[in-house]
Structure formats: structure tokens, C-alpha cells
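Structure data follow from coords.txt (compact mmCIF, C-alpha atoms and all ligand atoms):
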```txt
# COMPACT_ATOMS: atom_id res chain seq x y z
CA MET A 1 62.37 96.04 104.62
CA GLU A 2 65.66 97.41 103.47
CA ALA A 3 64.90 100.87 104.77
CA MET A 4 64.18 99.44 108.17
CA THR A 5 67.47 97.57 108.25
CA HIS A 6 69.32 100.76 107.45
CA LEU A 7 67.43 102.56 110.14
CA SER A 8 68.27 100.02 112.79
CA GLU A 9 71.92 99.95 111.68
CA ALA A 10 72.08 103.73 111.97
CA GLN A 11 70.51 103.47 115.40
CA ALA A 12 73.05 100.86 116.45
CA LEU A 13 75.89 103.07 115.17
CA LYS A 14 74.63 105.99 117.19
CA GLU A 15 74.80 103.94 120.33
CA GLN A 16 78.17 102.40 119.64
CA LYS A 17 80.78 102.93 122.29
CA PHE A 18 83.82 101.35 120.64
CA ALA A 19 86.71 102.84 118.72
CA ARG A 20 86.83 102.54 114.93
CA PHE A 21 90.50 101.72 114.24
CA ARG A 22 89.64 100.54 110.78
CA ARG A 23 88.91 104.11 109.61
CA LEU A 24 92.64 104.75 109.17
CA ARG A 25 93.20 101.43 107.42
CA HIS A 26 90.63 102.13 104.75
CA SER A 27 92.98 102.85 101.83
CA PRO A 28 96.67 102.38 100.99
CA LEU A 29 97.17 106.14 101.02
CA LEU A 30 95.65 106.54 104.45
CA ARG A 31 97.77 103.67 105.78
CA GLU A 32 100.87 105.28 104.31
CA MET A 33 99.98 108.64 105.90
CA VAL A 34 99.68 107.30 109.42
CA ALA A 35 102.59 104.85 109.38
CA ASP A 36 105.05 105.90 112.07
CA VAL A 37 107.81 103.33 111.48
CA ILE A 38 109.52 104.36 108.27
CA LEU A 39 112.35 102.53 106.53
CA HIS A 40 114.65 104.86 104.65
CA PRO A 41 117.63 104.08 102.37
CA SER A 42 119.93 105.65 104.96
CA SER A 43 118.72 103.08 107.53
CA PHE A 44 120.70 100.31 105.86
CA ILE A 45 124.31 99.15 106.01
CA LEU A 46 125.32 96.68 103.29
CA PRO A 47 127.73 93.89 104.34
CA MET A 48 130.37 93.00 101.72
CA PHE A 49 132.80 90.07 101.63
CA VAL A 50 136.08 90.73 99.86
CA ARG A 51 138.80 88.31 98.80
CA ASP A 52 141.99 88.56 96.76
CA GLY A 53 141.84 88.35 92.99
CA LEU A 54 140.31 89.93 89.95
CA GLY A 55 136.87 89.49 88.47
CA ILE A 56 135.80 87.07 91.21
CA ARG A 57 132.12 86.74 92.12
CA GLN A 58 131.62 83.58 94.12
CA GLU A 59 128.14 83.06 95.49
CA VAL A 60 127.87 81.90 99.11
CA PRO A 61 125.95 78.60 98.91
CA SER A 62 123.88 79.18 102.04
CA MET A 63 123.21 82.85 101.21
CA PRO A 64 121.73 83.16 97.71
CA GLY A 65 122.45 86.61 96.26
CA VAL A 66 125.47 87.19 98.55
CA TYR A 67 128.94 86.93 96.99
CA GLN A 68 132.58 86.82 97.93
CA LEU A 69 134.00 89.49 95.64
CA SER A 70 137.43 90.58 94.50
CA PRO A 71 138.16 94.28 95.15
CA ASP A 72 137.31 95.37 91.57
CA GLN A 73 133.91 93.70 91.91
CA VAL A 74 133.38 95.33 95.31
CA VAL A 75 133.85 98.70 93.64
CA GLN A 76 131.41 97.79 90.89
CA ASP A 77 128.78 96.64 93.37
CA LEU A 78 129.26 99.68 95.60
CA LYS A 79 128.78 102.03 92.67
CA ALA A 80 125.48 100.29 91.94
CA ALA A 81 124.50 100.37 95.62
CA GLU A 82 125.27 104.07 95.79
CA GLN A 83 123.05 104.63 92.76
CA LEU A 84 120.24 102.89 94.61
CA GLY A 85 120.62 105.35 97.49
CA LEU A 86 122.51 103.26 100.03
CA LYS A 87 124.81 105.30 102.27
CA ALA A 88 127.06 102.79 104.02
CA PHE A 89 128.71 99.40 103.74
CA ILE A 90 130.67 97.16 106.10
CA LEU A 91 133.61 95.17 104.83
CA PHE A 92 134.64 91.64 105.85
CA GLY A 93 137.83 89.99 104.64
CA VAL A 94 137.95 86.44 103.28
CA LEU A 95 141.34 84.69 103.31
CA GLU A 96 142.76 81.57 101.75
CA LYS A 97 143.54 78.88 104.33
CA LYS A 98 147.27 79.26 103.71
CA ALA A 99 147.13 82.98 104.57
CA LYS A 100 145.82 82.23 108.06
CA ASP A 101 147.89 81.49 111.15
CA GLU A 102 147.46 80.95 114.90
CA ALA A 103 147.67 84.64 115.71
CA GLY A 104 145.70 85.92 112.74
CA SER A 105 148.74 87.93 111.63
CA ALA A 106 147.12 88.96 108.35
CA ALA A 107 144.56 90.96 110.33
CA ILE A 108 147.19 93.46 111.39
CA ASP A 109 149.09 93.57 108.10
CA PRO A 110 148.69 97.15 106.82
CA ASP A 111 148.54 95.82 103.26
CA ASN A 112 145.93 93.15 103.89
CA ILE A 113 142.84 92.61 101.81
CA ILE A 114 140.72 95.08 103.82
CA CYS A 115 143.24 97.93 103.66
CA HIS A 116 143.92 97.23 100.00
CA THR A 117 140.20 97.27 99.17
CA LEU A 118 139.54 100.42 101.20
CA LYS A 119 142.17 102.28 99.21
CA ILE A 120 140.74 101.08 95.91
CA VAL A 121 137.19 101.98 96.94
CA LYS A 122 138.21 105.42 98.16
CA ASN A 123 140.09 106.10 94.93
CA SER A 124 137.15 104.94 92.82
CA GLY A 125 134.95 107.90 93.67
CA VAL A 126 132.52 105.86 95.78
CA ARG A 127 131.38 108.19 98.55
CA MET A 128 129.56 105.73 100.77
CA ILE A 129 130.56 105.48 104.44
CA ALA A 130 133.13 102.68 104.69
CA ILE A 131 132.82 100.69 107.90
CA THR A 132 135.27 97.91 108.75
CA ASP A 133 134.74 94.96 111.04
CA LEU A 134 137.47 94.56 113.67
CA CYS A 135 138.00 90.93 114.60
CA PHE A 136 140.31 87.99 114.00
CA CYS A 137 138.08 85.02 113.23
CA GLU A 138 138.46 85.52 109.49
CA TYR A 139 142.28 85.54 109.88
CA THR A 140 143.11 82.87 112.47
CA SER A 141 143.75 79.26 111.47
CA HIS A 142 141.55 78.12 114.39
CA GLY A 143 138.71 80.52 113.51
CA HIS A 144 138.44 82.08 116.96
CA CYS A 145 138.12 85.82 117.48
CA GLY A 146 141.56 86.44 119.00
CA VAL A 147 144.87 84.92 120.04
CA LEU A 148 144.77 81.79 122.19
CA LYS A 149 146.24 80.87 125.55
CA PRO A 150 145.93 77.80 127.79
CA ALA A 151 142.70 77.85 129.81
CA SER A 152 144.77 77.26 132.96
CA GLU A 153 148.35 76.43 133.85
CA HIS A 154 148.14 72.65 133.35
CA SER A 155 145.33 72.60 130.83
CA HIS A 156 145.52 71.51 127.21
CA GLU A 157 142.32 73.40 126.58
CA ARG A 158 142.85 76.78 124.98
CA ILE A 159 140.76 79.93 125.23
CA VAL A 160 140.92 83.36 123.62
CA ALA A 161 143.25 85.68 125.54
CA ASN A 162 141.36 88.90 126.18
CA ASP A 163 144.08 91.46 126.75
CA ALA A 164 146.55 90.13 124.20
CA THR A 165 143.76 90.34 121.64
CA LEU A 166 143.00 93.93 122.61
CA GLU A 167 146.41 95.20 121.55
CA ARG A 168 145.97 93.61 118.17
CA LEU A 169 142.47 95.02 117.74
CA ALA A 170 143.90 98.48 118.33
CA GLN A 171 146.50 97.93 115.63
CA GLN A 172 143.87 96.63 113.22
CA ALA A 173 141.73 99.73 113.83
CA VAL A 174 144.59 102.12 113.14
CA ASN A 175 145.50 100.27 109.93
CA HIS A 176 141.93 100.52 108.70
CA ALA A 177 141.77 104.20 109.58
CA ARG A 178 144.97 104.88 107.67
CA ALA A 179 143.60 103.00 104.66
CA GLY A 180 140.49 105.16 104.57
CA ALA A 181 137.82 103.64 106.85
CA ASP A 182 135.15 106.14 107.89
CA MET A 183 134.05 104.10 110.90
CA VAL A 184 135.30 100.99 112.68
CA ALA A 185 133.20 98.24 114.20
CA PRO A 186 134.89 96.10 116.86
CA SER A 187 133.06 92.76 116.98
CA ALA A 188 135.33 90.41 118.92
CA MET A 189 133.42 90.68 122.24
CA MET A 190 136.66 91.20 124.16
CA ASP A 191 136.20 93.19 127.37
CA GLY A 192 137.65 96.66 126.95
CA MET A 193 137.78 96.53 123.15
CA VAL A 194 136.09 99.88 122.62
CA ALA A 195 138.42 101.65 125.06
CA VAL A 196 141.61 100.40 123.40
CA VAL A 197 140.32 101.13 119.91
CA ARG A 198 139.26 104.65 120.95
CA ASN A 199 142.66 105.31 122.56
CA ALA A 200 144.56 104.01 119.58
CA LEU A 201 142.54 106.04 117.08
CA ASP A 202 142.84 109.20 119.17
CA GLY A 203 146.57 108.67 119.60
CA GLU A 204 147.20 108.12 115.89
CA GLY A 205 145.35 111.16 114.59
CA PHE A 206 141.85 109.76 114.12
CA PRO A 207 139.85 111.29 116.97
CA HIS A 208 137.05 112.04 114.50
CA LEU A 209 136.43 108.41 113.50
CA PRO A 210 133.27 106.99 115.08
CA ILE A 211 133.08 103.53 116.65
CA LEU A 212 130.13 101.28 115.93
CA SER A 213 130.42 98.69 118.68
CA TYR A 214 129.04 95.19 118.45
CA ALA A 215 128.12 95.88 122.06
CA VAL A 216 125.52 93.19 122.62
CA LYS A 217 126.47 90.17 120.56
CA TYR A 218 125.09 86.77 121.42
CA ALA A 219 126.67 83.39 120.77
CA SER A 220 124.08 82.49 118.17
CA ALA A 221 123.36 79.60 115.84
CA PHE A 222 121.93 82.18 113.46
CA TYR A 223 125.50 83.05 112.39
CA GLY A 224 125.90 79.70 110.59
CA PRO A 225 125.76 80.88 106.96
CA PHE A 226 128.14 83.82 107.66
CA ARG A 227 130.85 81.33 108.50
CA ASP A 228 130.36 79.94 105.01
CA ALA A 229 130.65 83.43 103.63
CA ALA A 230 133.72 84.44 105.61
CA ASP A 231 135.31 80.99 106.00
CA SER A 232 135.49 81.58 109.74
CA THR A 233 134.07 78.46 111.40
CA PRO A 234 135.93 77.74 114.67
CA ALA A 235 138.15 74.66 114.26
CA PHE A 236 137.35 73.57 117.83
CA GLY A 237 134.85 74.51 120.52
CA ASP A 238 132.52 77.46 120.19
CA ARG A 239 132.46 81.18 120.99
CA CYS A 240 130.45 80.89 124.19
CA SER A 241 133.34 82.04 126.41
CA TYR A 242 133.34 85.49 124.84
CA GLN A 243 130.01 86.02 123.09
CA MET A 244 126.91 86.46 125.24
CA ASP A 245 124.41 83.88 126.49
CA GLY A 246 120.85 84.54 125.29
CA ARG A 247 119.51 83.26 128.59
CA ARG A 248 120.98 86.23 130.46
CA HIS A 249 118.66 89.15 129.96
CA ARG A 250 119.93 91.91 132.22
CA GLU A 251 123.57 91.58 131.12
CA ALA A 252 122.68 93.35 127.88
CA LEU A 253 122.40 96.74 129.54
CA LEU A 254 125.69 96.21 131.41
CA GLU A 255 127.52 95.41 128.18
CA ALA A 256 125.94 98.33 126.35
CA ARG A 257 126.67 100.81 129.13
CA ALA A 258 130.29 99.64 129.37
CA ASP A 259 130.82 100.24 125.65
CA LEU A 260 129.23 103.68 125.83
CA GLU A 261 131.49 104.61 128.71
CA GLN A 262 134.50 103.38 126.73
CA GLY A 263 133.59 105.67 123.86
CA ALA A 264 131.25 103.83 121.50
CA ASP A 265 129.26 106.17 119.27
CA ILE A 266 126.72 103.62 118.01
CA LEU A 267 125.66 100.44 119.80
CA MET A 268 124.73 97.27 117.97
CA VAL A 269 122.55 94.33 118.92
CA LYS A 270 123.29 91.08 117.07
CA PRO A 271 121.40 89.02 115.92
CA GLY A 272 118.27 91.06 115.25
CA LEU A 273 115.01 89.16 115.11
CA PRO A 274 115.61 86.74 118.03
CA TYR A 275 116.70 89.68 120.22
CA LEU A 276 114.10 92.37 119.50
CA ASP A 277 113.37 92.68 123.21
CA ILE A 278 117.02 93.49 123.87
CA LEU A 279 116.95 96.14 121.16
CA ARG A 280 113.91 97.68 122.83
CA ASP A 281 115.65 97.60 126.23
CA LEU A 282 118.61 99.50 124.78
CA ARG A 283 116.31 101.97 123.02
CA GLN A 284 114.65 102.82 126.31
CA ALA A 285 117.92 103.09 128.21
CA PHE A 286 120.12 105.06 125.78
CA ASP A 287 119.80 107.96 123.39
CA VAL A 288 122.73 107.11 121.09
CA PRO A 289 121.98 105.64 117.66
CA LEU A 290 121.34 101.92 117.72
CA ALA A 291 122.11 99.36 115.04
CA ALA A 292 120.72 95.86 114.59
CA TYR A 293 122.36 93.15 112.53
CA GLN A 294 119.90 91.04 110.59
CA VAL A 295 122.35 88.16 110.46
CA SER A 296 123.07 85.52 107.85
CA GLY A 297 120.74 82.93 109.38
CA GLU A 298 117.83 85.36 109.40
CA TYR A 299 118.55 86.12 105.75
CA ALA A 300 119.03 82.48 104.76
CA MET A 301 115.76 81.38 106.38
CA ILE A 302 113.76 83.95 104.44
CA LYS A 303 115.58 83.12 101.19
CA ALA A 304 115.15 79.37 101.63
CA ALA A 305 111.47 79.61 102.46
CA ALA A 306 110.92 81.97 99.52
CA GLN A 307 112.77 79.65 97.13
CA ASN A 308 110.43 76.88 98.18
CA GLY A 309 107.45 79.11 97.56
CA TRP A 310 106.52 78.96 101.23
CA VAL A 311 106.62 82.71 101.96
CA ASP A 312 106.42 85.91 99.97
CA GLU A 313 110.06 87.02 100.05
CA LYS A 314 109.55 90.76 99.62
CA ALA A 315 106.74 90.97 102.14
CA VAL A 316 108.57 88.91 104.77
CA MET A 317 111.80 90.85 104.19
CA LEU A 318 110.07 94.21 104.66
CA GLU A 319 108.09 93.03 107.68
CA SER A 320 111.25 91.76 109.38
CA LEU A 321 113.10 95.02 108.66
CA VAL A 322 110.18 97.08 109.97
CA SER A 323 110.21 95.00 113.16
CA LEU A 324 113.86 95.90 113.77
CA LYS A 325 113.13 99.56 113.20
CA ARG A 326 110.06 99.47 115.41
CA ALA A 327 112.00 97.82 118.24
CA GLY A 328 114.42 100.73 118.17
CA ALA A 329 117.08 100.29 115.50
CA ASP A 330 118.15 103.43 113.67
CA LEU A 331 120.46 101.41 111.45
CA ILE A 332 120.12 97.89 110.11
CA LEU A 333 122.95 95.79 108.77
CA THR A 334 121.26 93.51 106.28
CA TYR A 335 122.05 91.40 103.23
CA PHE A 336 118.69 92.58 101.94
CA ALA A 337 119.85 96.24 101.84
CA ARG A 338 119.67 96.54 98.06
CA GLU A 339 116.42 94.63 97.67
CA ALA A 340 114.85 96.64 100.50
CA VAL A 341 115.82 99.98 98.98
CA ARG A 342 114.39 98.93 95.63
CA GLU A 343 111.08 98.31 97.38
CA LEU A 344 111.11 101.70 99.08
CA VAL A 345 111.44 103.89 96.00
ZN ZN A 401 135.10 87.21 115.26
```
Output the file's structure in the form of C-alpha cells.
Ligand SMILES: [Zn+2]
Amino acid sequence: MEAMTHLSEAQALKEQKFARFRRLRHSPLLREMVADVILHPSSFILPMFVRDGLGIRQEVPSMPGVYQLSPDQVVQDLKAAEQLGLKAFILFGVLEKKAKDEAGSAAIDPDNIICHTLKIVKNSGVRMIAITDLCFCEYTSHGHCGVLKPASEHSHERIVANDATLERLAQQAVNHARAGADMVAPSAMMDGMVAVVRNALDGEGFPHLPILSYAVKYASAFYGPFRDAADSTPAFGDRCSYQMDGRRHREALLEARADLEQGADILMVKPGLPYLDILRDLRQAFDVPLAAYQVSGEYAMIKAAAQNGWVDEKAVMLESLVSLKRAGADLILTYFAREAVRELV
């Protein structure tokens, strides 16, 4: 009986006309061999939050495993990250309320927390690429990304003034460059921001410094936990008059092209997971390196679900990072950078 079954199975196989995809899924080694989306330690950029002080490690409540650190602790963590194989970090400043004002003056102080930390990091022997975020929301008392002006002549409503903010972004970029930044990342979503930053850097002796532009940045609810981390929640209104609307699809390519023409070296899409299609659009349209920011909300959702035992944290983390890579990201800014690299080795 058994022989007959085998015979008829063999006969059926002979006549089969369908592909056998499962052949290459047969063993872990085979699957590894044919994988064509590969995460590498150099794919990741580690975000760091720095605040004044010494020996401070204050965990961000909505982002378990992410800390506001004093500069000495930043150095300590970067040394460990470098050991793991990470190549780059991006620095965000955290200020006390009393250090903030309407214009975000601390942002363009050449001795501010970012410049101070850059110098310490560069003197510490850490060789990682130091990227700095260029924006004002962490420095303004109102939490918006630039200086304000009345919405119209007789209006009490105030909006962010584009061109007045540009001048200040340029100054911020030059300060960071002088303090040792290896790359700057304008994130304010002001029109023309890449052009003014490029001009300023070129004019002040930094024509070699690349610009990573937050080119396609949506007004997103997924940024919620970051505002905890950076103490940058807007005191009134929202950021919808300068960040992009997720319901406008085609605008993404316009924004990206404009930043390229202004001199951006790397284009970023932010957030990552809810905008994978946009990342793919940019990948197909441009040949420059692309970055995706797996933002705080994406991180917090995975952490929260994992803490409840609802998902397998490592597996979900890696799957989400692979999805960003597969959609077209060369670089991924992620709070999981260290955990991801540990899984790769
Ligand atoms: Zn901002």
C-alpha cells in the first residue's frame, strides 16, 4: 500500500507545474544565504538626549531604556555604543524651563549644551560620526520650531516666522560645526532651511560638512513620547502649519526634490513605519542615501506591548527595522540601535 502511495506521489510531482518557493526556506542557513535585505551596524544612527549636569541618567517615562543624560554620561554611553559597532549618533538638547525664551536664544548660544557636549565627546576619543539636530522647539518657551510672529496684521494668533527662523538655523549650524559636529540635520520644516544652512557652512569654512535633511517630515502623533524626552511640547496649537499633512501624498517628492536642489546630501523621511510608501517613492525617485526615523511613538508602542507580554520585542523590533530597510532606507535613526546591533552579531 505504502509503495503505491509513494508511486502516485512521485507521479503527481512529475506533473506539477507550480514553483517550489519553500525549497529556499528549508533551513536557517539557506534563508540567511538568500536574504537580500540586510541590516548592518552602520545602518543605524543612535539618538541621544543631553542635559546639563554631572552623573545624570534620567529615564524618559514613555520610552523605557531611553535616558536624558549629562555630558559625561553621553560620553560613557557613546564609548559603549562604539564598542558595539555603531557608527553614528544624533544629539538633542534638553533645557530647563528657565533657560528657554520666546526666541529660543539658547539654541544659538555657542556655549550651549549641544556645543559643550560635542567638544567633550570629541576630546574623549569617541570617533563616531556626530550629527546634530537643528531646530528650536527644545529651546523656545512656547515649544514651537522657530520664532513667532502674528498670523496677520490684526490677529492675536501667532505662527512660526519662516525667514526669521532661517537666519537663526544658519547660526545654529555654524556653532555646531565649530564645536565639532560631523554632520548637521535641519529638522524645523522651514522652507529654504537647507539652502541657508549650506550657504552658512560654506561661508564659514565648512564646505565639507554634509547635511542630513529632515526633508519629508509629517505632523505626526507618533512624536508624542519624544516631547517627553526633549521637553518640547508646544504650549499652544500644533505644528501643522509647518510640518507636512499625511493626507497629501505627492507633496513628498516636491519637498524632497527642493531639499536636494538646496544642497541636502541625505534625505530623511519621518516617521518611518506609517510612511513606508513615501520612503519607497523617494527610493525610486532619487539616488542619494535615504534615512528613516523610527520615531519615539513607534519605539514606545513596541516597548509597551512587549512589557505586557503581548509581542516578542526582539522579533518585532527586527521586523520593523527590516521593513524600513526594505522600503529604501540606507540609514535608520532608532532608539533600538544598540539592541538591534546586539542581535546582528
Ligand atoms: Zn522642532
Query raised in the report: Interatomic distance between CA of Ile120 (chain A) and CA of Val295 (chain A)?
Result: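 Distance between the two atoms: 26.8 Å.
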Can you build me a table of chain A residues sitting at most 9 Å from ligand ZN 401 (chain A), with the closest atom pair per residue and its distance in Å to one decimal, using all atoms listed in the file, sorted by chain and residue number, as CSV?
```
residue,atom,partner,partner_atom,distance
A:Asp133,CA,A:ZN401,ZN,8.8
A:Leu134,CA,A:ZN401,ZN,7.9
A:Cys135,CA,A:ZN401,ZN,4.8
A:Phe136,CA,A:ZN401,ZN,5.4
A:Cys137,CA,A:ZN401,ZN,4.2
A:Glu138,CA,A:ZN401,ZN,6.9
A:Gly143,CA,A:ZN401,ZN,7.8
A:His144,CA,A:ZN401,ZN,6.4
A:Cys145,CA,A:ZN401,ZN,4.0
A:Gly146,CA,A:ZN401,ZN,7.5
A:Ser187,CA,A:ZN401,ZN,6.2
A:Ala188,CA,A:ZN401,ZN,4.9
A:Met189,CA,A:ZN401,ZN,8.0
A:Ser232,CA,A:ZN401,ZN,7.9
A:Arg239,CA,A:ZN401,ZN,8.7
```
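Excluding Ile266 (chain A) and any residue on its chain fewer than 5 positions from it, the residues at most 8 Å away by all atoms listed in the file are Pro210, Ile211, Leu212, Ser213, Val288, Pro289, Leu290 and Ala291 of chain A.
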Query raised in the report: Counting only C-alpha atoms, which of A:Arg168, A:Ala185, A:Leu148, A:Arg342 gets nearest to Ala80 (chain A)?
Result: A:Arg342
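Here CA of Ala264 (chain A) stands at a distance of 8.3 Å from CA of Ala195 (chain A).
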**Report entry** Interatomic distance, CA of Pro186 (chain A) to CA of Gly297 (chain A) (Å, one decimal)
**Finding:**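 For CA of Pro186 (chain A) relative to CA of Gly297 (chain A), the distance reads 20.7 Å.
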Query - Residues near Glu298 (chain A), cut-off 10 Å, only C-alpha atoms, skip fewer than 2 positions along chain, as a ChimeraX atom specification - result: /A:222-225,271-274,293-296,300-303,317,320,334-335
**Report entry** Selection: 12 Å around Leu254 (chain A), only C-alpha atoms, excl. self and same-chain fewer than 3 positions, as a ChimeraX atom specification
**Finding:** /A:191,215-216,244,248-251,257-261,278,281-282,285-286
Query raised in the report: Contacts of region 201-206 of chain A at 12 Å or less, counting only C-alpha atoms, minus same-chain residues fewer than 4 places along, as a PyMOL selection string?
Result: chain A and resi 169-184+194-197+210-211+263
**Report entry** Pick from A:Ala230, A:Arg280, A:His40, A:Thr132, whichever lies nearest to Leu69 (chain A) using only C-alpha atoms
**Finding:** A:Ala230
